file target02.tsv (TSV, C-alpha atoms and all ligand atoms)
chain	number	residue	atom	x	y	z
A	1	MET	CA	0.46	0.45	-22.70
A	2	ARG	CA	1.09	-1.38	-19.44
A	3	HIS	CA	4.28	-0.78	-17.50
A	4	VAL	CA	4.81	-3.45	-14.84
A	5	LEU	CA	7.27	-3.11	-11.96
A	6	VAL	CA	8.18	-6.45	-10.31
A	7	LEU	CA	9.85	-6.40	-6.89
A	8	GLY	CA	12.09	-9.44	-7.24
A	9	GLY	CA	14.55	-11.69	-5.43
A	10	THR	CA	12.72	-15.03	-5.59
A	11	LEU	CA	12.28	-17.89	-8.03
A	12	GLU	CA	8.67	-16.80	-8.54
A	13	ALA	CA	9.78	-13.27	-9.45
A	14	SER	CA	12.21	-14.67	-12.03
A	15	ALA	CA	9.52	-16.93	-13.46
A	16	LEU	CA	7.12	-13.98	-13.73
A	17	ALA	CA	9.80	-11.87	-15.42
A	18	GLN	CA	10.28	-14.62	-18.00
A	19	ALA	CA	6.53	-14.85	-18.64
A	20	LEU	CA	6.28	-11.06	-19.05
A	21	ALA	CA	9.21	-11.06	-21.47
A	22	ASP	CA	7.61	-13.91	-23.45
A	23	ARG	CA	4.46	-11.77	-23.81
A	24	GLY	CA	6.40	-8.70	-24.87
A	25	GLU	CA	5.16	-6.77	-21.84
A	26	ARG	CA	6.93	-3.58	-20.78
A	27	ALA	CA	8.36	-4.68	-17.41
A	28	VAL	CA	11.23	-3.93	-15.03
A	29	LEU	CA	12.48	-6.23	-12.28
A	30	SER	CA	13.84	-4.60	-9.14
A	31	TYR	CA	16.56	-5.97	-6.82
A	32	ALA	CA	17.62	-4.48	-3.49
A	33	GLY	CA	21.30	-4.92	-4.35
A	34	ARG	CA	21.95	-7.43	-1.57
A	35	VAL	CA	24.25	-9.71	-3.53
A	36	ALA	CA	27.17	-9.11	-5.86
A	37	ARG	CA	25.72	-10.90	-8.91
A	38	PRO	CA	21.96	-11.28	-8.86
A	39	ARG	CA	20.49	-13.60	-11.45
A	40	ALA	CA	20.35	-12.14	-14.96
A	41	GLN	CA	16.82	-11.39	-16.07
A	42	PRO	CA	15.06	-11.31	-19.50
A	43	VAL	CA	13.64	-7.84	-18.70
A	44	PRO	CA	15.43	-4.62	-17.69
A	45	VAL	CA	16.64	-4.65	-14.08
A	46	ARG	CA	17.01	-1.84	-11.57
A	47	VAL	CA	19.09	-2.32	-8.41
A	48	GLY	CA	18.88	-0.51	-5.07
A	49	GLY	CA	16.35	0.83	-2.60
A	50	PHE	CA	13.73	3.40	-3.55
A	51	GLY	CA	14.03	5.49	-0.38
A	52	GLY	CA	11.16	4.14	1.70
A	53	ALA	CA	7.49	4.14	0.79
A	54	ALA	CA	7.66	7.79	-0.30
A	55	GLY	CA	10.58	7.00	-2.59
A	56	LEU	CA	8.70	4.08	-4.09
A	57	ALA	CA	5.60	6.27	-4.64
A	58	ARG	CA	7.77	8.82	-6.41
A	59	HIS	CA	9.32	6.06	-8.53
A	60	LEU	CA	5.87	4.76	-9.50
A	61	ARG	CA	4.78	8.23	-10.59
A	62	ASP	CA	8.03	9.24	-12.32
A	63	HIS	CA	8.17	6.01	-14.32
A	64	ALA	CA	4.41	5.87	-15.02
A	65	VAL	CA	4.19	2.37	-13.54
A	66	THR	CA	0.69	1.01	-14.18
A	67	HIS	CA	0.90	-2.23	-12.12
A	68	LEU	CA	3.14	-3.26	-9.20
A	69	VAL	CA	3.77	-6.96	-8.47
A	70	ASP	CA	5.47	-7.59	-5.13
A	71	ALA	CA	7.25	-10.92	-5.71
A	72	THR	CA	9.75	-10.45	-2.88
A	73	HIS	CA	10.60	-13.09	-0.30
A	74	PRO	CA	8.10	-13.57	2.59
A	75	PHE	CA	10.75	-12.21	4.97
A	76	ALA	CA	11.19	-8.98	2.98
A	77	ALA	CA	8.58	-7.44	5.27
A	78	ARG	CA	9.69	-3.81	5.03
A	79	MET	CA	9.67	-3.85	1.23
A	80	SER	CA	6.20	-5.38	1.19
A	81	ALA	CA	4.87	-2.85	3.70
A	82	ASN	CA	6.32	-0.02	1.60
A	83	ALA	CA	4.66	-1.44	-1.51
A	84	VAL	CA	1.24	-1.44	0.21
A	85	ALA	CA	1.73	2.16	1.39
A	86	ALA	CA	3.05	3.47	-1.94
A	87	CYS	CA	0.22	1.87	-3.92
A	88	ALA	CA	-2.37	3.20	-1.48
A	89	GLU	CA	-0.90	6.68	-1.96
A	90	THR	CA	-0.60	6.59	-5.74
A	91	GLY	CA	-3.52	4.37	-6.71
A	92	VAL	CA	-1.26	1.99	-8.62
A	93	PRO	CA	-2.77	-1.52	-8.46
A	94	LEU	CA	-0.75	-3.94	-6.28
A	95	LEU	CA	-0.55	-7.72	-6.35
A	96	ALA	CA	1.67	-9.95	-4.20
A	97	LEU	CA	3.08	-13.08	-5.87
A	98	THR	CA	4.07	-15.22	-2.91
A	99	ARG	CA	4.24	-18.88	-1.94
A	100	PRO	CA	2.45	-20.87	0.75
A	101	ALA	CA	4.38	-21.45	3.97
A	102	TRP	CA	5.97	-24.88	4.38
A	103	ARG	CA	4.11	-27.26	6.66
A	104	PRO	CA	5.66	-30.23	8.48
A	105	ASP	CA	5.03	-33.66	6.94
A	106	ALA	CA	5.10	-37.09	8.56
A	107	GLY	CA	8.64	-37.75	9.68
A	108	ASP	CA	9.50	-34.09	10.20
A	109	ASP	CA	10.81	-32.95	13.59
A	110	TRP	CA	10.20	-29.18	13.54
A	111	THR	CA	10.19	-26.67	16.35
A	112	THR	CA	8.61	-23.47	15.09
A	113	VAL	CA	9.59	-20.14	16.72
A	114	PRO	CA	7.95	-16.77	16.02
A	115	ASP	CA	11.05	-14.77	15.09
A	116	MET	CA	14.86	-14.64	14.98
A	117	ASP	CA	15.20	-13.66	18.68
A	118	ALA	CA	13.24	-16.75	19.67
A	119	ALA	CA	15.49	-18.87	17.43
A	120	VAL	CA	18.57	-17.53	19.26
A	121	ALA	CA	16.90	-18.18	22.63
A	122	ALA	CA	16.07	-21.75	21.57
A	123	LEU	CA	19.80	-22.48	21.09
A	124	ASP	CA	20.59	-22.27	24.83
A	125	GLY	CA	21.35	-26.00	25.09
A	126	PRO	CA	24.63	-27.97	24.89
A	127	PRO	CA	27.02	-27.49	21.94
A	128	ARG	CA	25.67	-28.65	18.59
A	129	HIS	CA	26.59	-28.65	14.92
A	130	VAL	CA	24.11	-26.19	13.43
A	131	LEU	CA	23.38	-25.46	9.76
A	132	LEU	CA	22.44	-21.78	9.89
A	133	ALA	CA	20.67	-21.50	6.53
A	134	LEU	CA	19.61	-17.89	7.06
A	135	GLY	CA	21.95	-16.08	4.73
A	136	ARG	CA	24.15	-13.19	5.78
A	137	MET	CA	21.84	-10.69	7.42
A	138	HIS	CA	21.22	-12.44	10.75
A	139	LEU	CA	24.63	-13.85	11.74
A	140	ALA	CA	25.37	-11.25	14.44
A	141	GLU	CA	22.24	-12.24	16.39
A	142	PHE	CA	23.67	-15.74	16.95
A	143	ALA	CA	26.86	-14.38	18.56
A	144	ALA	CA	24.84	-14.68	21.80
A	145	ARG	CA	25.14	-18.48	21.40
A	146	PRO	CA	28.88	-18.97	20.76
A	147	ARG	CA	29.21	-22.56	22.03
A	148	HIS	CA	27.78	-24.14	18.86
A	149	HIS	CA	29.68	-24.92	15.68
A	150	TYR	CA	27.82	-23.13	12.90
A	151	VAL	CA	27.87	-23.98	9.21
A	152	LEU	CA	26.96	-20.71	7.46
A	153	ARG	CA	25.62	-20.94	3.91
A	154	LEU	CA	26.18	-17.57	2.25
A	155	ILE	CA	25.74	-16.29	-1.28
A	156	ASP	CA	28.85	-14.12	-1.22
A	157	PRO	CA	32.03	-14.62	0.86
A	158	PRO	CA	31.65	-12.51	4.03
A	159	GLU	CA	33.52	-9.17	3.95
A	160	ALA	CA	34.47	-9.61	7.63
A	161	PRO	CA	34.82	-12.82	9.67
A	162	PRO	CA	31.39	-13.68	11.10
A	163	PRO	CA	31.13	-12.92	14.86
A	164	LEU	CA	30.92	-16.63	15.71
A	165	PRO	CA	34.00	-18.27	17.29
A	166	ARG	CA	33.30	-21.70	15.76
A	167	HIS	CA	32.01	-21.56	12.23
A	168	THR	CA	32.51	-22.88	8.72
A	169	VAL	CA	31.44	-20.77	5.73
A	170	VAL	CA	29.91	-22.51	2.71
A	171	VAL	CA	29.52	-20.12	-0.23
A	172	ALA	CA	26.60	-21.34	-2.33
A	173	ARG	CA	23.58	-19.91	-4.07
A	174	GLY	CA	20.24	-21.69	-4.34
A	175	PRO	CA	18.06	-23.17	-5.57
A	176	PHE	CA	19.43	-26.27	-3.85
A	177	ASP	CA	18.74	-30.01	-4.33
A	178	VAL	CA	18.22	-32.86	-1.87
A	179	ALA	CA	21.37	-34.78	-2.81
A	180	GLY	CA	23.53	-31.70	-2.34
A	181	ASP	CA	21.91	-30.75	0.94
A	182	THR	CA	22.06	-34.33	2.25
A	183	ALA	CA	25.79	-34.41	1.49
A	184	LEU	CA	26.23	-31.03	3.20
A	185	LEU	CA	24.43	-32.17	6.37
A	186	ARG	CA	26.46	-35.38	6.50
A	187	ALA	CA	29.83	-33.77	5.71
A	188	HIS	CA	29.46	-31.30	8.58
A	189	ARG	CA	27.81	-33.73	11.02
A	190	ILE	CA	24.90	-31.34	11.33
A	191	ASP	CA	22.50	-32.17	14.17
A	192	LEU	CA	20.20	-29.13	13.85
A	193	VAL	CA	18.98	-27.12	10.86
A	194	VAL	CA	17.91	-23.49	11.48
A	195	CYS	CA	15.96	-21.82	8.67
A	196	LYS	CA	13.16	-19.43	7.73
A	197	ASN	CA	9.77	-20.56	6.60
A	198	ALA	CA	10.45	-19.24	3.11
A	199	GLY	CA	8.14	-21.60	1.27
A	200	GLY	CA	8.72	-22.30	-2.37
A	201	SER	CA	10.98	-24.85	-3.98
A	202	GLY	CA	14.31	-23.02	-3.94
A	203	ALA	CA	15.21	-23.75	-0.35
A	204	ASP	CA	13.13	-26.76	0.69
A	205	ALA	CA	15.81	-29.36	-0.16
A	206	LYS	CA	17.39	-29.00	3.30
A	207	LEU	CA	14.06	-29.88	4.91
A	208	ARG	CA	13.73	-33.06	2.87
A	209	ALA	CA	17.35	-33.93	3.61
A	210	ALA	CA	16.81	-33.31	7.34
A	211	ARG	CA	13.73	-35.55	7.30
A	212	ASP	CA	15.64	-38.34	5.51
A	213	LEU	CA	18.46	-38.09	8.07
A	214	GLY	CA	16.09	-37.78	11.05
A	215	LEU	CA	17.44	-34.34	11.99
A	216	PRO	CA	15.48	-31.67	13.92
A	217	VAL	CA	14.65	-28.32	12.30
A	218	LEU	CA	14.28	-24.99	14.08
A	219	MET	CA	11.84	-23.14	11.79
A	220	VAL	CA	11.48	-19.35	12.01
A	221	ALA	CA	7.91	-18.33	11.22
A	222	ARG	CA	7.19	-15.54	8.75
A	223	PRO	CA	6.91	-11.93	9.91
A	224	PRO	CA	3.42	-10.39	9.75
A	225	LEU	CA	2.65	-8.62	6.48
A	226	PRO	CA	-0.04	-5.99	5.76
A	227	ALA	CA	-3.21	-7.15	3.99
A	228	ARG	CA	-2.86	-7.16	0.18
A	229	ARG	CA	-4.15	-9.17	-2.73
A	230	GLU	CA	-2.04	-12.36	-3.05
A	231	VAL	CA	-1.62	-15.13	-5.63
A	232	ALA	CA	0.76	-18.10	-5.56
A	233	ARG	CA	1.03	-18.85	-9.29
A	234	VAL	CA	2.52	-16.89	-12.18
A	235	ALA	CA	-0.55	-17.73	-14.32
A	236	ASP	CA	-2.78	-16.03	-11.73
A	237	ALA	CA	-0.53	-12.98	-11.72
A	238	LEU	CA	-0.80	-12.73	-15.52
A	239	ARG	CA	-4.59	-13.06	-15.28
A	240	TRP	CA	-4.64	-10.25	-12.70
A	241	LEU	CA	-2.64	-8.06	-15.09
A	242	ASP	CA	-5.14	-8.71	-17.88
A	243	ASP	CA	-8.15	-8.09	-15.60
A	244	THR	CA	-6.84	-4.96	-13.85
A	245	PRO	CA	-7.09	-1.66	-15.74
A	246	PRO	CA	-3.83	0.28	-15.70
A	247	HIS	CA	-3.66	3.13	-13.25
A	248	ALA	CA	-4.32	6.42	-15.05
A	249	PRO	CA	-2.76	9.19	-12.97
A	250	ALA	CA	-4.75	12.44	-12.78
A	251	PRO	CA	-3.32	14.96	-15.25
A	252	ARG	CA	-0.75	17.18	-13.52
A	253	GLY	CA	-2.41	20.16	-11.83
A	254	ALA	CA	-5.86	18.65	-12.30
A	255	GLU	CA	-8.33	20.14	-9.84
A	256	ARG	CA	-9.27	17.67	-7.13
A	257	GLY	CA	-12.89	16.61	-7.52
A	258	VAL	CA	-15.25	17.97	-4.82
B	301	LIG	C1	19.30	-10.56	-3.70
B	301	LIG	C2	19.07	-12.50	-6.07
B	301	LIG	C3	16.28	-16.90	-8.46
B	301	LIG	C4	15.96	-16.58	-7.01
B	301	LIG	C5	16.61	-17.56	-6.08
B	301	LIG	C6	13.81	-18.40	-3.32
B	301	LIG	C7	15.00	-19.23	-3.69
B	301	LIG	C8	17.42	-19.39	-4.17
B	301	LIG	C9	17.00	-20.07	-1.20
B	301	LIG	C10	19.60	-21.83	2.36
B	301	LIG	C11	18.59	-20.73	2.21
B	301	LIG	C12	18.07	-17.30	2.08
B	301	LIG	C13	18.74	-16.28	1.12
B	301	LIG	C14	17.79	-17.94	-0.17
B	301	LIG	C15	17.19	-18.57	-1.23
B	301	LIG	C16	16.30	-18.44	-3.72
B	301	LIG	C17	16.27	-17.22	-4.62
B	301	LIG	C18	16.67	-17.79	-2.39
B	301	LIG	C19	17.94	-18.54	1.17
B	301	LIG	C20	18.91	-14.37	-4.14
B	301	LIG	C21	19.05	-12.98	-4.67
B	301	LIG	C22	19.13	-12.09	-3.63
B	301	LIG	C23	19.00	-12.82	-2.44
B	301	LIG	C24	19.02	-12.20	-1.10
B	301	LIG	C25	19.35	-13.19	-0.05
B	301	LIG	C26	19.39	-12.63	1.37
B	301	LIG	C27	19.25	-13.94	2.21
B	301	LIG	C28	18.35	-14.81	1.33
B	301	LIG	C29	20.25	-16.45	1.06
B	301	LIG	C30	19.04	-13.50	-7.17
B	301	LIG	C31	20.03	-15.29	-4.54
B	301	LIG	C32	18.88	-17.52	3.33
B	301	LIG	C33	16.65	-16.85	2.49
B	301	LIG	O1	24.16	-12.08	1.36
B	301	LIG	C34	23.05	-11.53	1.54
B	301	LIG	O2	22.89	-10.35	1.92
B	301	LIG	C35	21.82	-12.36	1.27
B	301	LIG	C36	20.65	-11.86	1.66
B	301	LIG	C37	18.28	-11.65	1.65
B	301	LIG	C38	18.59	-13.77	3.55
B	301	LIG	C39	19.42	-13.12	4.58
B	301	LIG	O3	18.76	-12.74	5.56
B	301	LIG	O4	20.65	-13.06	4.42
B	301	LIG	N1	18.30	-14.19	0.03
B	301	LIG	N2	18.89	-14.14	-2.68
B	301	LIG	C40	17.95	-9.96	-3.93
B	301	LIG	C41	18.06	-8.47	-4.05
B	301	LIG	O5	19.18	-7.91	-4.06
B	301	LIG	O6	16.98	-7.85	-4.17
B	301	LIG	O7	17.91	-13.87	-7.51
B	301	LIG	O8	20.12	-13.84	-7.64
B	301	LIG	C42	17.57	-14.96	-4.53
B	301	LIG	C43	17.21	-16.28	-3.96
B	301	LIG	N3	17.57	-16.71	-2.78
B	301	LIG	O9	15.53	-16.41	-9.30
B	301	LIG	O10	17.25	-17.65	-8.73
B	301	LIG	O11	13.05	-18.08	-4.24
B	301	LIG	O12	13.63	-18.11	-2.12
B	301	LIG	N4	18.22	-16.68	-0.18
B	301	LIG	C44	15.73	-17.97	2.95
B	301	LIG	O13	14.86	-18.34	2.16
B	301	LIG	O14	15.92	-18.45	4.07
B	301	LIG	C45	19.07	-19.59	1.30
B	301	LIG	O15	20.80	-21.54	2.36
B	301	LIG	O16	19.15	-23.00	2.49
B	302	LIG	P1	13.46	-5.81	3.45
B	302	LIG	O1	14.20	-5.94	4.75
B	302	LIG	O2	11.99	-5.99	3.42
B	302	LIG	O3	13.77	-4.39	2.77
B	302	LIG	C1	14.69	-3.47	3.31
B	302	LIG	C2	14.87	-2.39	2.26
B	302	LIG	O4	15.59	-2.95	1.15
B	302	LIG	C3	13.56	-1.93	1.64
B	302	LIG	O5	12.91	-0.98	2.46
B	302	LIG	C4	14.05	-1.34	0.32
B	302	LIG	O6	14.77	-0.12	0.52
B	302	LIG	C5	15.10	-2.37	-0.07
B	302	LIG	N1	14.54	-3.44	-0.91
B	302	LIG	C6	14.14	-4.67	-0.52
B	302	LIG	N2	13.77	-5.41	-1.58
B	302	LIG	C7	13.92	-4.62	-2.66
B	302	LIG	C8	13.70	-4.80	-4.05
B	302	LIG	N3	13.27	-5.98	-4.55
B	302	LIG	N4	13.96	-3.74	-4.90
B	302	LIG	C9	14.41	-2.57	-4.40
B	302	LIG	N5	14.66	-2.34	-3.09
B	302	LIG	C10	14.41	-3.36	-2.24
B	302	LIG	O7	14.10	-6.79	2.35
B	302	LIG	P2	15.21	-7.97	2.55
B	302	LIG	O8	14.65	-9.00	3.43
B	302	LIG	O9	16.50	-7.29	2.88
B	302	LIG	O10	15.26	-8.56	1.07
B	302	LIG	C11	16.02	-7.88	0.10
B	302	LIG	C12	15.88	-8.63	-1.21
B	302	LIG	O11	16.33	-9.97	-1.07
B	302	LIG	C13	14.47	-8.68	-1.75
B	302	LIG	O12	14.53	-8.56	-3.16
B	302	LIG	C14	14.00	-10.06	-1.38
B	302	LIG	O13	13.03	-10.56	-2.28
B	302	LIG	C15	15.29	-10.85	-1.51
B	302	LIG	N6	15.30	-12.03	-0.67
B	302	LIG	C16	15.19	-11.87	0.69
B	302	LIG	C17	15.20	-13.01	1.47
B	302	LIG	C18	15.11	-12.90	2.97
B	302	LIG	O14	15.28	-13.92	3.62
B	302	LIG	N7	14.84	-11.72	3.51
B	302	LIG	C19	15.31	-14.29	0.88
B	302	LIG	C20	15.42	-14.38	-0.51
B	302	LIG	C21	15.42	-13.25	-1.28
B	302	LIG	P3	14.06	1.33	0.41
B	302	LIG	O15	13.26	1.46	1.69
B	302	LIG	O16	15.20	2.29	0.31
B	302	LIG	O17	13.18	1.30	-0.80

call {"tool": "encode", "arguments": {"input": "target02.tsv", "output": "structure tokens"}}
result
Amino acid sequence: MRHVLVLGGTLEASALAQALADRGERAVLSYAGRVARPRAQPVPVRVGGFGGAAGLARHLRDHAVTHLVDATHPFAARMSANAVAACAETGVPLLALTRPAWRPDAGDDWTTVPDMDAAVAALDGPPRHVLLALGRMHLAEFAARPRHHYVLRLIDPPEAPPPLPRHTVVVARGPFDVAGDTALLRAHRIDLVVCKNAGGSGADAKLRAARDLGLPVLMVARPPLPARREVARVADALRWLDDTPPHAPAPRGAERGV
């Protein structure tokens, strides 16, 4: 009997969870516990870190997980690195369900920077109205650029006022649509969109709205991830499950082969 652990937090993870539930698979979806009310899932959910790669390896063994699907966000680099290490240690098969990076189309005005520090450095110009569509975890880094007026789109209201002297908080959870994002950009007179190259369809509306309005985008490129098997479609993940024998842990106390 398979027991699939899905590392979640993306639209693709939720779609995979639904497909696993539809097939009657034994599966658990895991959230980090970043937001107050993560999306309800059709499979059992666990919330919270595992305690590093070693904690994840222990979890895989203790719960007799036979397959691990890392369907986390492309910027969840530590989680993905831990998944590679824990599966290498335990022998549990690992698959990443991810999505291709966005690429600029005709009419796009993107400046791509390698990481968040470079994005902060790129904001050294005159005051602007910036949509900071990065979520909550990177706000402090932009305190180094206080002259801009930032529109901050957050999933939960911030516990403390963000460290930015001129800001407007918009509490909203994706996936977003073009009409809504176009209205947001217009209402706040945005003249620069700052975002991560997340890929997928849950956050690309702001890019299409920026293109329609002729606005520039400062695009943060993805962090490097360790090599692992990757697919971009739920159907390919299901095929991998069917083609990959479940990990059979050595019986406890079994002598190591020589
Ligand atoms: C906790 C749990 C689903 C999944 C939906 C996707 C789409 C909507 C768009 C903008 C960009 C951003 C942010 C974003 C999107 C999807 C997906 C995606 C971007 C939830 C969710 C969790 C999180 C964590 C949260 C981060 C933040 C990032 C907001 C759920 C809703 C900016 C990433 O307040 C915080 O601490 C938020 C933290 C990590 C990035 C950051 O650095 O702050 N996502 N987002 C997961 C957990 O606890 O394990 O599903 O309800 C999931 C989704 N967020 O099935 O509906 O698939 O990417 N999430 C980015 O892409 O740039 C918003 O505003 O335009
Ligand atoms: P991260 O920096 O790579 O991970 C930091 C630590 O958070 C991990 O080492 C792990 O703790 C814990 N963690 C992360 N994802 C987890 C999961 N799915 N289940 C259990 N523990 C998890 O991750 P992040 O960027 O903070 O992302 C956290 C969550 O938000 C992920 O589910 C991700 O898919 C989702 N998300 C992130 C973004 C983003 O922009 N980063 C966007 C959309 C959704 P331990 O070391 O203790 O195990």

call {"tool": "residues_near_ligand", "arguments": {"input": "target02.tsv", "ligand": "ligand LIG 301 (chain B)", "cutoff": "7 Å", "atoms": "all atoms listed in the file", "output": "JSON, numbers by chain"}}
result
{"A": [8, 9, 10, 11, 12, 13, 14, 30, 31, 32, 33, 34, 35, 37, 38, 39, 73, 133, 134, 135, 136, 137, 138, 153, 154, 155, 156, 173, 174, 175, 195, 196, 197, 198, 200, 201, 202, 203, 206]}

call {"tool": "atom_distance", "arguments": {"input": "target02.tsv", "atom1": "atom C10 of ligand LIG 302 (chain B)", "atom2": "CA of Ala144 in chain A"}}
result
28.5 Å

call {"tool": "residues_around", "arguments": {"input": "target02.tsv", "residues": "Ala77 in chain A", "least_positions_apart": "6", "cutoff": "9 Å", "atoms": "all atoms listed in the file", "output": "number ranges by chain"}}
result
A: 222-226

call {"tool": "residues_near_point", "arguments": {"input": "target02.tsv", "point": "(15.8, -30.6, -0.1)", "cutoff": "12 Å", "atoms": "only C-alpha atoms", "output": "PyMOL selection string"}}
result
chain A and resi 174-185+193+199-213

call {"tool": "atom_distance", "arguments": {"input": "target02.tsv", "atom1": "CA of Arg239 in chain A", "atom2": "CA of Ala227 in chain A"}}
result
20.2 Å

call {"tool": "axis_aligned_box", "arguments": {"input": "target02.tsv", "around": "range 200-207 of chain A", "padding_each_side": "3 Å", "output": "JSON"}}
result
{"center_x": 13.1, "center_y": -26.1, "center_z": 0.5, "size_x": 14.7, "size_y": 13.6, "size_z": 14.9}

call {"tool": "closest_residue", "arguments": {"input": "target02.tsv", "among": "A:Leu97, A:Val217, A:Met79, A:Ala172", "to": "Leu123 in chain A", "atoms": "all atoms listed in the file"}}
result
A:Val217

call {"tool": "residues_around", "arguments": {"input": "target02.tsv", "residues": "Asp117 in chain A", "least_positions_apart": "6", "cutoff": "12 Å", "atoms": "only C-alpha atoms", "output": "PyMOL selection string"}}
result
chain A and resi 123-124+138-145+220-221

call {"tool": "residues_around", "arguments": {"input": "target02.tsv", "residues": "range 47-63 of chain A", "least_positions_apart": "5", "cutoff": "12 Å", "atoms": "only C-alpha atoms", "output": "PDB file with C-alpha atoms, in the frame of the given file"}}
result
ATOM      1  CA  ARG A   2       1.090  -1.380 -19.440  1.00  0.00           C
ATOM      2  CA  HIS A   3       4.280  -0.780 -17.500  1.00  0.00           C
ATOM      3  CA  VAL A   4       4.810  -3.450 -14.840  1.00  0.00           C
ATOM      4  CA  LEU A   5       7.270  -3.110 -11.960  1.00  0.00           C
ATOM      5  CA  VAL A   6       8.180  -6.450 -10.310  1.00  0.00           C
ATOM      6  CA  LEU A   7       9.850  -6.400  -6.890  1.00  0.00           C
ATOM      7  CA  GLY A   8      12.090  -9.440  -7.240  1.00  0.00           C
ATOM      8  CA  GLY A   9      14.550 -11.690  -5.430  1.00  0.00           C
ATOM      9  CA  ARG A  26       6.930  -3.580 -20.780  1.00  0.00           C
ATOM     10  CA  ALA A  27       8.360  -4.680 -17.410  1.00  0.00           C
ATOM     11  CA  VAL A  28      11.230  -3.930 -15.030  1.00  0.00           C
ATOM     12  CA  LEU A  29      12.480  -6.230 -12.280  1.00  0.00           C
ATOM     13  CA  SER A  30      13.840  -4.600  -9.140  1.00  0.00           C
ATOM     14  CA  TYR A  31      16.560  -5.970  -6.820  1.00  0.00           C
ATOM     15  CA  ALA A  32      17.620  -4.480  -3.490  1.00  0.00           C
ATOM     16  CA  GLY A  33      21.300  -4.920  -4.350  1.00  0.00           C
ATOM     17  CA  ARG A  34      21.950  -7.430  -1.570  1.00  0.00           C
ATOM     18  CA  VAL A  35      24.250  -9.710  -3.530  1.00  0.00           C
ATOM     19  CA  ALA A  36      27.170  -9.110  -5.860  1.00  0.00           C
ATOM     20  CA  ARG A  37      25.720 -10.900  -8.910  1.00  0.00           C
ATOM     21  CA  PRO A  38      21.960 -11.280  -8.860  1.00  0.00           C
ATOM     22  CA  ARG A  39      20.490 -13.600 -11.450  1.00  0.00           C
ATOM     23  CA  ALA A  40      20.350 -12.140 -14.960  1.00  0.00           C
ATOM     24  CA  LEU A  68       3.140  -3.260  -9.200  1.00  0.00           C
ATOM     25  CA  VAL A  69       3.770  -6.960  -8.470  1.00  0.00           C
ATOM     26  CA  ARG A  78       9.690  -3.810   5.030  1.00  0.00           C
ATOM     27  CA  MET A  79       9.670  -3.850   1.230  1.00  0.00           C
ATOM     28  CA  SER A  80       6.200  -5.380   1.190  1.00  0.00           C
ATOM     29  CA  ALA A  81       4.870  -2.850   3.700  1.00  0.00           C
ATOM     30  CA  ASN A  82       6.320  -0.020   1.600  1.00  0.00           C
ATOM     31  CA  ALA A  83       4.660  -1.440  -1.510  1.00  0.00           C
ATOM     32  CA  VAL A  84       1.240  -1.440   0.210  1.00  0.00           C
ATOM     33  CA  ALA A  85       1.730   2.160   1.390  1.00  0.00           C
ATOM     34  CA  ALA A  86       3.050   3.470  -1.940  1.00  0.00           C
ATOM     35  CA  CYS A  87       0.220   1.870  -3.920  1.00  0.00           C
ATOM     36  CA  ALA A  88      -2.370   3.200  -1.480  1.00  0.00           C
ATOM     37  CA  GLU A  89      -0.900   6.680  -1.960  1.00  0.00           C
ATOM     38  CA  THR A  90      -0.600   6.590  -5.740  1.00  0.00           C
ATOM     39  CA  GLY A  91      -3.520   4.370  -6.710  1.00  0.00           C
ATOM     40  CA  VAL A  92      -1.260   1.990  -8.620  1.00  0.00           C
ATOM     41  CA  PRO A  93      -2.770  -1.520  -8.460  1.00  0.00           C
ATOM     42  CA  LEU A  94      -0.750  -3.940  -6.280  1.00  0.00           C
ATOM     43  CA  HIS A 247      -3.660   3.130 -13.250  1.00  0.00           C
ATOM     44  CA  ALA A 248      -4.320   6.420 -15.050  1.00  0.00           C
ATOM     45  CA  PRO A 249      -2.760   9.190 -12.970  1.00  0.00           C
ATOM     46  CA  ALA A 250      -4.750  12.440 -12.780  1.00  0.00           C
ATOM     47  CA  PRO A 251      -3.320  14.960 -15.250  1.00  0.00           C
ATOM     48  CA  ARG A 252      -0.750  17.180 -13.520  1.00  0.00           C
TER      49      ARG A 252
END

call {"tool": "closest_residue", "arguments": {"input": "target02.tsv", "among": "A:Thr244, A:Gln18, A:Thr72, A:Thr168", "to": "ligand LIG 302 (chain B)", "atoms": "all atoms listed in the file"}}
result
A:Thr72

call {"tool": "atom_distance", "arguments": {"input": "target02.tsv", "atom1": "CA of Ala101 in chain A", "atom2": "CA of Ala15 in chain A"}}
result
18.7 Å

call {"tool": "closest_residue", "arguments": {"input": "target02.tsv", "among": "A:Ala160, A:Val65, A:Pro165, A:Leu132", "to": "His188 in chain A", "atoms": "only C-alpha atoms"}}
result
A:Leu132

call {"tool": "residues_around", "arguments": {"input": "target02.tsv", "residues": "Ala122 in chain A", "least_positions_apart": "2", "cutoff": "10 Å", "atoms": "only C-alpha atoms", "output": "list in words"}}
result
Thr111, Val113, Met116, Asp117, Ala118, Ala119, Val120, Asp124, Gly125, Arg145 and Leu218 of chain A
